[in-house]
Amino acid sequence: MEEVLAMSYVRNAWYVAGWTQELANEAPFAISILGERIVLWRSATGRLHALEDRCVHRLAPLSLGRCEGERLRCMYHGLLFDASGKVVEIPGQETIPPQARVRRYPVVERHSWIWIWMGEESKADDALIPPAVGLDHPDYILGHGHLDYAAEARLINDNLLDFSHLTFVHANSFGAGPQFAETPARITPLERGIRYERWIENSTGASSRKSDVPMDSFMTYDFLIPGILLMTGGVFPLGTAKACDFGQPDLARAVSGVTFTSQAVTPMKDRSARYFFSWGPHREHGDTSLRDTLMGIAAQAFAEDKVMIEAQQKVVDDTADVRIMPTSHDRGVTLFNRLVEKLAREESDAARRAA
Amino acid sequence: MEEVLAMSYVRNAWYVAGWTQELANEAPFAISILGERIVLWRSATGRLHALEDRCVHRLAPLSLGRCEGERLRCMYHGLLFDASGKVVEIPGQETIPPQARVRRYPVVERHSWIWIWMGEESKADDALIPPAVGLDHPDYILGHGHLDYAAEARLINDNLLDFSHLTFVHANSFGAGPQFAETPARITPLERGIRYERWIENSTGASSRKSDVPMDSFMTYDFLIPGILLMTGGVFPLGTAKACDFGQPDLARAVSGVTFTSQAVTPMKDRSARYFFSWGPHREHGDTSLRDTLMGIAAQAFAEDKVMIEAQQKVVDDTADVRIMPTSHDRGVTLFNRLVEKLAREESDAARRAA
Amino acid sequence: MEEVLAMSYVRNAWYVAGWTQELANEAPFAISILGERIVLWRSATGRLHALEDRCVHRLAPLSLGRCEGERLRCMYHGLLFDASGKVVEIPGQETIPPQARVRRYPVVERHSWIWIWMGEESKADDALIPPAVGLDHPDYILGHGHLDYAAEARLINDNLLDFSHLTFVHANSFGAGPQFAETPARITPLERGIRYERWIENSTGASSRKSDVPMDSFMTYDFLIPGILLMTGGVFPLGTAKACDFGQPDLARAVSGVTFTSQAVTPMKDRSARYFFSWGPHREHGDTSLRDTLMGIAAQAFAEDKVMIEAQQKVVDDTADVRIMPTSHDRGVTLFNRLVEKLAREESDAARRAA
């Protein structure tokens, strides 16, 4: 019943490095992912590049550098790197040694996020980018933001994988009732994560979407490698839950309350993570005013999570032999973390075989 | 002549966790003692409880929890703990595994302090609580406070065990003269500590209690496991010191200057400690105004100690092979620390035999 | 081509501990050099002393002490140290054990700096003090200051040993052109360092010394153990560079722009260093107004270095296997660091033989 709290992460996955709007042209941007320092930049023509943020010469950060066309110049002693990570100019020196290169990371812009592939370059596959909903999606009116945690990404993932915490952590913000803790959600394993589904029958709703008459409301999210939550749901006429046998309803038939939230947890260094989020209503179920209301609720709720998770991290840090005792609500957490451990183990086995 | 500076502490002892007034009903309070995170709370009916501050589920701190009767609910996923540390409810789960419990600490309120027993529960004995003078004592008018140190509790104990520092550290605040450093005090071993006694003959007193004519003044304190100082004294007619052969006078015969101070040093984590103190006059020797004067002097003096001891801690931290060279004034320090080391060794021997 | 970034320092050398004006009489001053805590003080008669900053009794810092004649009293329990480091008084104790002493450091005031010898006392030789230009030098009008770095001294030395960084780091402040990076300087090994010489022909100068007609300008510095930079130069009529075969010109024949800067890098602890500097014009080439202009430029330039070097230190700290790839501009860096490593090795060999 007791398990060790493992902090493994999958490398062959797309990690969110930022919102696309954060990255101005020719303004190098530094972020650490899985403990690796990365410099991201967009050239004058708008092309996106990502390199190891460490000059081969004396380890100055390239993120203090200068964009020159598609290239980036280290502004300590002037070494010039092309977008593949190769040094193409060393001031005052004719020859360039072949080992003069830094790692290049595959990088893609999609759904308003910048995604970086942390694993083997040959395995980088755009098809593995989770289907988040971008800020420019025609159906949704979305607000967005990010929050930095002084905690392991794993602890944030665990939080998002077990919504029984809504009843206790978010009773004020989301107005979550006891059902999140009292009854199990339906959890289904997916190839790259898990799916969570819950019907709440015969309810007038929570703070974010009150209704006058009792309704059935549905929520579902996929939580996908490496730590992407994609959640939607809506409010349906009483009886819909039973009518569809507590399975997936047709969202187009929701009478109100259809929203979408995309969330991403990016491990930066040990005990630090960045949490990206968007949320807002479907155009047919709300407007910018409802979006702003939802963002206010989210700000309160995410602060509640941050207090709890950063406090949890401090206890973990003070504990010599860290063991956890999963409960029945941890089915999603356990399935997801076993998947992570399996994939991480396969990666290190493959790396060992290759070496 | 050289000794290693050892940081051992006795576990089978009552440590001060706070002033009783600090603890409102149903407001869990977190403190680390000997590196262990503890949550203390008082129920609605006023009963006091102390548990390990770490949920068995995922290590969230119970001190962020909610009091329910005599129980405490973890506010992350809702596990409910009774006052013995046993989990009595897991939301959404029928059975509760027998290992679902955290450590309970014996806890007692006495003399205005909350005392926690850090050792074996079966050995917790109220008779070992040092006879401090509480804020409600009918004979004394006391002020009180606490101060956090970025230093080992041991260094604060050492400070309190050798009053020769008064001449140098506290010349301004306490107005201490050279006699504290020039002549030895009488040091007597006690079963759980040491006793310090000093007569200062033929003096008009220090800043806190000046007199017009020369008097004999007496001070004495017991310093008791784990780090409790209980000090009193008073001013007597010239000749009293000799008349009682420099032994204990009858304090009831003091003509002025009888005060009492209770002080407690609690090791929190490595290099952090909390220092609790009260001080004030006997009702027959002063009033609230004198109490306030004394507290002002104490504030200055304790700040002087803190500057010195925290600086000392930094030097200790920067020293590879920490050795000290005790002087003749260190008799009290040495006796007390040998007692601590003996008791700590006996405890670890007993633990080894039991294992 | 790849090298490990080694952090060795020579002990048998004079390190700058401060500006002489910083040290008021009878005001003990604390500084760490090579990780050793040192207390410096000037007695009432102005004599300078330096001791290990750690009382033998309980490790309190002597820098919180009180000057008494040529002696220093620890203000914790009153032990009195003479200038040789010997304890000469222990309050309340008759005998003083022979091991009651701390280390004394040779200390010399020269060229407005306080120099401390960190190696074997018997080898301390004033002749090894580099010929810096003091603030009272009759020929120069100097401003001065210091800056603390959250970085290894070695990284600052490396910066000062390769002026190709001027083109990139200091394009704005010093107005340095491309020639620093495009062409090599002349580097000559010295017994205790290296000499850097560079002619810039046919130029109207950089921000700090513009001229109307093209001139030849010369700059040279010695960089000496343990980290002392002494730089001068000047502006000469066109053709001077060729006329003296790109060697040392006679500075007395400079038509303008003769300045002098003395700089010292002192390793304090791991990843901390203090950087001392003075700069200003020769009396025949400027006045206090030019000195102030130069100090403004220096403030900007040294801030540029600090941003780069502290960022570089963070990358180094995050790198498991720190390797650098020297370029052709690194000849001075490599020569100097090999000299440091050779001298440091000789010192540790000698220490081993002596043990």
# chains A, B, ... in the order shown; residues from 1 in each chain; ligands from 1
>>> select_by_dssp(residues="stretch 141-295 of chain C", states="strand (DSSP E or B)", output="number ranges by chain")
C: 143-149, 186-190, 193-203, 215-224, 228-236, 256-267, 273-282
>>> interface_residues(of="chain A", to="chain B", cutoff="7 Å", atoms="only C-alpha atoms", output="PDB file with N, CA and C atoms, in the first residue's frame")
ATOM      1  N   SER A 164     -10.319  14.905  -6.215  1.00  0.00           N
ATOM      2  CA  SER A 164     -10.965  14.876  -4.894  1.00  0.00           C
ATOM      3  C   SER A 164     -10.482  16.053  -4.057  1.00  0.00           C
ATOM      4  N   HIS A 165      -9.342  16.657  -4.422  1.00  0.00           N
ATOM      5  CA  HIS A 165      -8.863  17.818  -3.657  1.00  0.00           C
ATOM      6  C   HIS A 165      -9.777  19.032  -3.845  1.00  0.00           C
ATOM      7  N   PHE A 168     -11.810  20.012  -0.839  1.00  0.00           N
ATOM      8  CA  PHE A 168     -11.127  20.561   0.344  1.00  0.00           C
ATOM      9  C   PHE A 168     -10.330  21.829   0.021  1.00  0.00           C
ATOM     10  N   VAL A 169      -9.564  21.787  -1.055  1.00  0.00           N
ATOM     11  CA  VAL A 169      -8.717  22.940  -1.377  1.00  0.00           C
ATOM     12  C   VAL A 169      -9.531  24.068  -2.010  1.00  0.00           C
ATOM     13  N   ALA A 181     -15.096  14.262  -3.604  1.00  0.00           N
ATOM     14  CA  ALA A 181     -14.382  13.398  -2.673  1.00  0.00           C
ATOM     15  C   ALA A 181     -15.185  12.145  -2.320  1.00  0.00           C
ATOM     16  N   GLU A 182     -16.511  12.258  -2.366  1.00  0.00           N
ATOM     17  CA  GLU A 182     -17.329  11.128  -1.896  1.00  0.00           C
ATOM     18  C   GLU A 182     -17.427  10.000  -2.900  1.00  0.00           C
ATOM     19  N   THR A 183     -17.509  10.360  -4.177  1.00  0.00           N
ATOM     20  CA  THR A 183     -17.719   9.304  -5.183  1.00  0.00           C
ATOM     21  C   THR A 183     -16.582   9.309  -6.196  1.00  0.00           C
ATOM     22  N   PRO A 184     -16.280   8.126  -6.718  1.00  0.00           N
ATOM     23  CA  PRO A 184     -15.170   8.056  -7.675  1.00  0.00           C
ATOM     24  C   PRO A 184     -15.562   8.652  -9.026  1.00  0.00           C
ATOM     25  N   ALA A 311       3.825  23.897   0.320  1.00  0.00           N
ATOM     26  CA  ALA A 311       3.970  23.424   1.706  1.00  0.00           C
ATOM     27  C   ALA A 311       4.271  21.925   1.716  1.00  0.00           C
ATOM     28  N   GLN A 312       3.578  21.186   0.848  1.00  0.00           N
ATOM     29  CA  GLN A 312       3.828  19.745   0.718  1.00  0.00           C
ATOM     30  C   GLN A 312       5.281  19.486   0.323  1.00  0.00           C
ATOM     31  N   VAL A 315       7.561  19.726   3.282  1.00  0.00           N
ATOM     32  CA  VAL A 315       7.503  18.526   4.133  1.00  0.00           C
ATOM     33  C   VAL A 315       8.279  17.390   3.470  1.00  0.00           C
ATOM     34  N   VAL A 316       8.086  17.211   2.172  1.00  0.00           N
ATOM     35  CA  VAL A 316       8.833  16.171   1.447  1.00  0.00           C
ATOM     36  C   VAL A 316      10.333  16.385   1.646  1.00  0.00           C
ATOM     37  N   ILE A 324       4.465   7.386   0.303  1.00  0.00           N
ATOM     38  CA  ILE A 324       3.097   7.864   0.234  1.00  0.00           C
ATOM     39  C   ILE A 324       2.151   6.673   0.396  1.00  0.00           C
ATOM     40  N   MET A 325       0.889   6.952   0.707  1.00  0.00           N
ATOM     41  CA  MET A 325      -0.112   5.898   0.873  1.00  0.00           C
ATOM     42  C   MET A 325      -1.297   6.229  -0.014  1.00  0.00           C
ATOM     43  N   PRO A 326      -1.290   5.751  -1.270  1.00  0.00           N
ATOM     44  CA  PRO A 326      -2.374   6.116  -2.187  1.00  0.00           C
ATOM     45  C   PRO A 326      -3.734   5.682  -1.657  1.00  0.00           C
ATOM     46  N   SER A 328      -8.145   5.381  -2.805  1.00  0.00           N
ATOM     47  CA  SER A 328      -8.877   4.929  -4.000  1.00  0.00           C
ATOM     48  C   SER A 328      -9.012   6.055  -5.024  1.00  0.00           C
TER      49      SER A 328
END
>>> select_by_dssp(residues="stretch 169-221 of chain B", states="helix (DSSP H, G or I)", output="list in words")
Val169, Gln179, Phe180, Ala181 and Glu182 of chain B
>>> write_last_selection(atoms="C-alpha atoms", output="short mmCIF file (atom, residue, chain, number, x, y, z; two decimals), in the first residue's frame")
data_model
loop_
_atom_site.label_atom_id
_atom_site.label_comp_id
_atom_site.auth_asym_id
_atom_site.auth_seq_id
_atom_site.Cartn_x
_atom_site.Cartn_y
_atom_site.Cartn_z
CA VAL B 169 28.37 41.45 25.70
CA GLN B 179 33.07 40.73 38.53
CA PHE B 180 31.17 38.32 36.25
CA ALA B 181 34.40 37.71 34.34
CA GLU B 182 36.96 38.23 37.09
#
>>> residues_around(residues="stretch 294-297 of chain C", least_positions_apart="3", cutoff="9 Å", atoms="only C-alpha atoms", output="list in words")
Leu142, Gly143, His144, Ser173, Phe174, Ser207, Ser208, Ser278, Trp279, Gly280, Pro281, Ser289, Leu290, Arg291, Gln300, Ala301 and Phe302 of chain C
>>> atom_distance(atom1="atom CA of B:Leu251", atom2="atom CA of B:Phe277")
21.7 Å
>>> atom_distance(atom1="atom CA of B:Ile225", atom2="atom CA of B:Thr188")
14.7 Å
>>> closest_atom_pairs(of="stretch 168-253 of chain C", to="stretch 332-355 of chain C", cutoff="10 Å", atoms="only C-alpha atoms", output="Markdown table")
| residue | atom | partner | partner_atom | distance |
| --- | --- | --- | --- | --- |
| C:Ala185 | CA | C:Gly332 | CA | 9.3 |
| C:Arg186 | CA | C:Gly332 | CA | 9.3 |
| C:Ile187 | CA | C:Gly332 | CA | 6.2 |
| C:Thr188 | CA | C:Gly332 | CA | 8.1 |
| C:Pro189 | CA | C:Leu335 | CA | 7.1 |
| C:Leu190 | CA | C:Phe336 | CA | 9.2 |
| C:Glu191 | CA | C:Leu339 | CA | 8.9 |
| C:Arg192 | CA | C:Leu339 | CA | 7.8 |
| C:Gly193 | CA | C:Phe336 | CA | 5.8 |
| C:Ile194 | CA | C:Phe336 | CA | 6.4 |
| C:Arg195 | CA | C:Gly332 | CA | 8.1 |
| C:Tyr196 | CA | C:Gly332 | CA | 7.7 |
| C:Phe223 | CA | C:Phe336 | CA | 8.2 |
| C:Leu224 | CA | C:Phe336 | CA | 8.3 |
| C:Ile225 | CA | C:Val340 | CA | 7.6 |
| C:Pro226 | CA | C:Val340 | CA | 8.1 |
| C:Gly227 | CA | C:Phe336 | CA | 9.6 |
>>> write_last_selection(atoms="N, CA and C atoms", output="PDB file, in the first residue's frame")
ATOM      1  N   ALA C 185      46.353  40.499 -29.686  1.00  0.00           N
ATOM      2  CA  ALA C 185      47.249  41.411 -28.984  1.00  0.00           C
ATOM      3  C   ALA C 185      48.598  40.698 -28.848  1.00  0.00           C
ATOM      4  N   ARG C 186      49.637  41.472 -28.524  1.00  0.00           N
ATOM      5  CA  ARG C 186      50.909  40.824 -28.210  1.00  0.00           C
ATOM      6  C   ARG C 186      50.865  40.400 -26.737  1.00  0.00           C
ATOM      7  N   ILE C 187      51.071  39.121 -26.476  1.00  0.00           N
ATOM      8  CA  ILE C 187      51.064  38.592 -25.110  1.00  0.00           C
ATOM      9  C   ILE C 187      52.466  38.087 -24.789  1.00  0.00           C
ATOM     10  N   THR C 188      53.035  38.541 -23.696  1.00  0.00           N
ATOM     11  CA  THR C 188      54.375  38.115 -23.297  1.00  0.00           C
ATOM     12  C   THR C 188      54.327  37.544 -21.894  1.00  0.00           C
ATOM     13  N   PRO C 189      54.903  36.371 -21.683  1.00  0.00           N
ATOM     14  CA  PRO C 189      54.920  35.843 -20.318  1.00  0.00           C
ATOM     15  C   PRO C 189      55.863  36.645 -19.435  1.00  0.00           C
ATOM     16  N   LEU C 190      55.463  36.863 -18.195  1.00  0.00           N
ATOM     17  CA  LEU C 190      56.321  37.497 -17.193  1.00  0.00           C
ATOM     18  C   LEU C 190      56.568  36.466 -16.086  1.00  0.00           C
ATOM     19  N   GLU C 191      57.502  36.779 -15.200  1.00  0.00           N
ATOM     20  CA  GLU C 191      57.795  35.815 -14.143  1.00  0.00           C
ATOM     21  C   GLU C 191      56.567  35.552 -13.265  1.00  0.00           C
ATOM     22  N   ARG C 192      55.792  36.608 -12.967  1.00  0.00           N
ATOM     23  CA  ARG C 192      54.614  36.441 -12.105  1.00  0.00           C
ATOM     24  C   ARG C 192      53.331  36.840 -12.841  1.00  0.00           C
ATOM     25  N   GLY C 193      53.286  36.632 -14.163  1.00  0.00           N
ATOM     26  CA  GLY C 193      52.057  36.987 -14.868  1.00  0.00           C
ATOM     27  C   GLY C 193      52.254  37.059 -16.360  1.00  0.00           C
ATOM     28  N   ILE C 194      51.500  37.945 -16.984  1.00  0.00           N
ATOM     29  CA  ILE C 194      51.637  38.127 -18.435  1.00  0.00           C
ATOM     30  C   ILE C 194      51.543  39.618 -18.734  1.00  0.00           C
ATOM     31  N   ARG C 195      52.098  39.987 -19.900  1.00  0.00           N
ATOM     32  CA  ARG C 195      51.979  41.381 -20.385  1.00  0.00           C
ATOM     33  C   ARG C 195      51.147  41.386 -21.660  1.00  0.00           C
ATOM     34  N   TYR C 196      50.229  42.333 -21.743  1.00  0.00           N
ATOM     35  CA  TYR C 196      49.351  42.503 -22.900  1.00  0.00           C
ATOM     36  C   TYR C 196      49.720  43.831 -23.543  1.00  0.00           C
ATOM     37  N   PHE C 223      49.252  41.645 -16.021  1.00  0.00           N
ATOM     38  CA  PHE C 223      48.311  40.970 -15.126  1.00  0.00           C
ATOM     39  C   PHE C 223      49.139  40.022 -14.275  1.00  0.00           C
ATOM     40  N   LEU C 224      49.156  40.267 -12.977  1.00  0.00           N
ATOM     41  CA  LEU C 224      50.132  39.636 -12.090  1.00  0.00           C
ATOM     42  C   LEU C 224      49.464  38.828 -10.988  1.00  0.00           C
ATOM     43  N   ILE C 225      50.138  37.802 -10.549  1.00  0.00           N
ATOM     44  CA  ILE C 225      49.702  36.979  -9.411  1.00  0.00           C
ATOM     45  C   ILE C 225      49.450  37.880  -8.205  1.00  0.00           C
ATOM     46  N   PRO C 226      48.360  37.750  -7.458  1.00  0.00           N
ATOM     47  CA  PRO C 226      47.325  36.721  -7.644  1.00  0.00           C
ATOM     48  C   PRO C 226      46.204  37.142  -8.591  1.00  0.00           C
ATOM     49  N   GLY C 227      46.071  38.447  -8.917  1.00  0.00           N
ATOM     50  CA  GLY C 227      45.004  38.878  -9.828  1.00  0.00           C
ATOM     51  C   GLY C 227      45.020  40.386  -9.915  1.00  0.00           C
TER      52      GLY C 227
END
>>> atom_distance(atom1="atom CA of B:Pro237", atom2="atom CA of B:His285")
14.9 Å
>>> closest_residue(among="C:Leu34, C:Ala132, C:Val235, C:Ala17", to="C:Pro214", atoms="only C-alpha atoms")
C:Val235
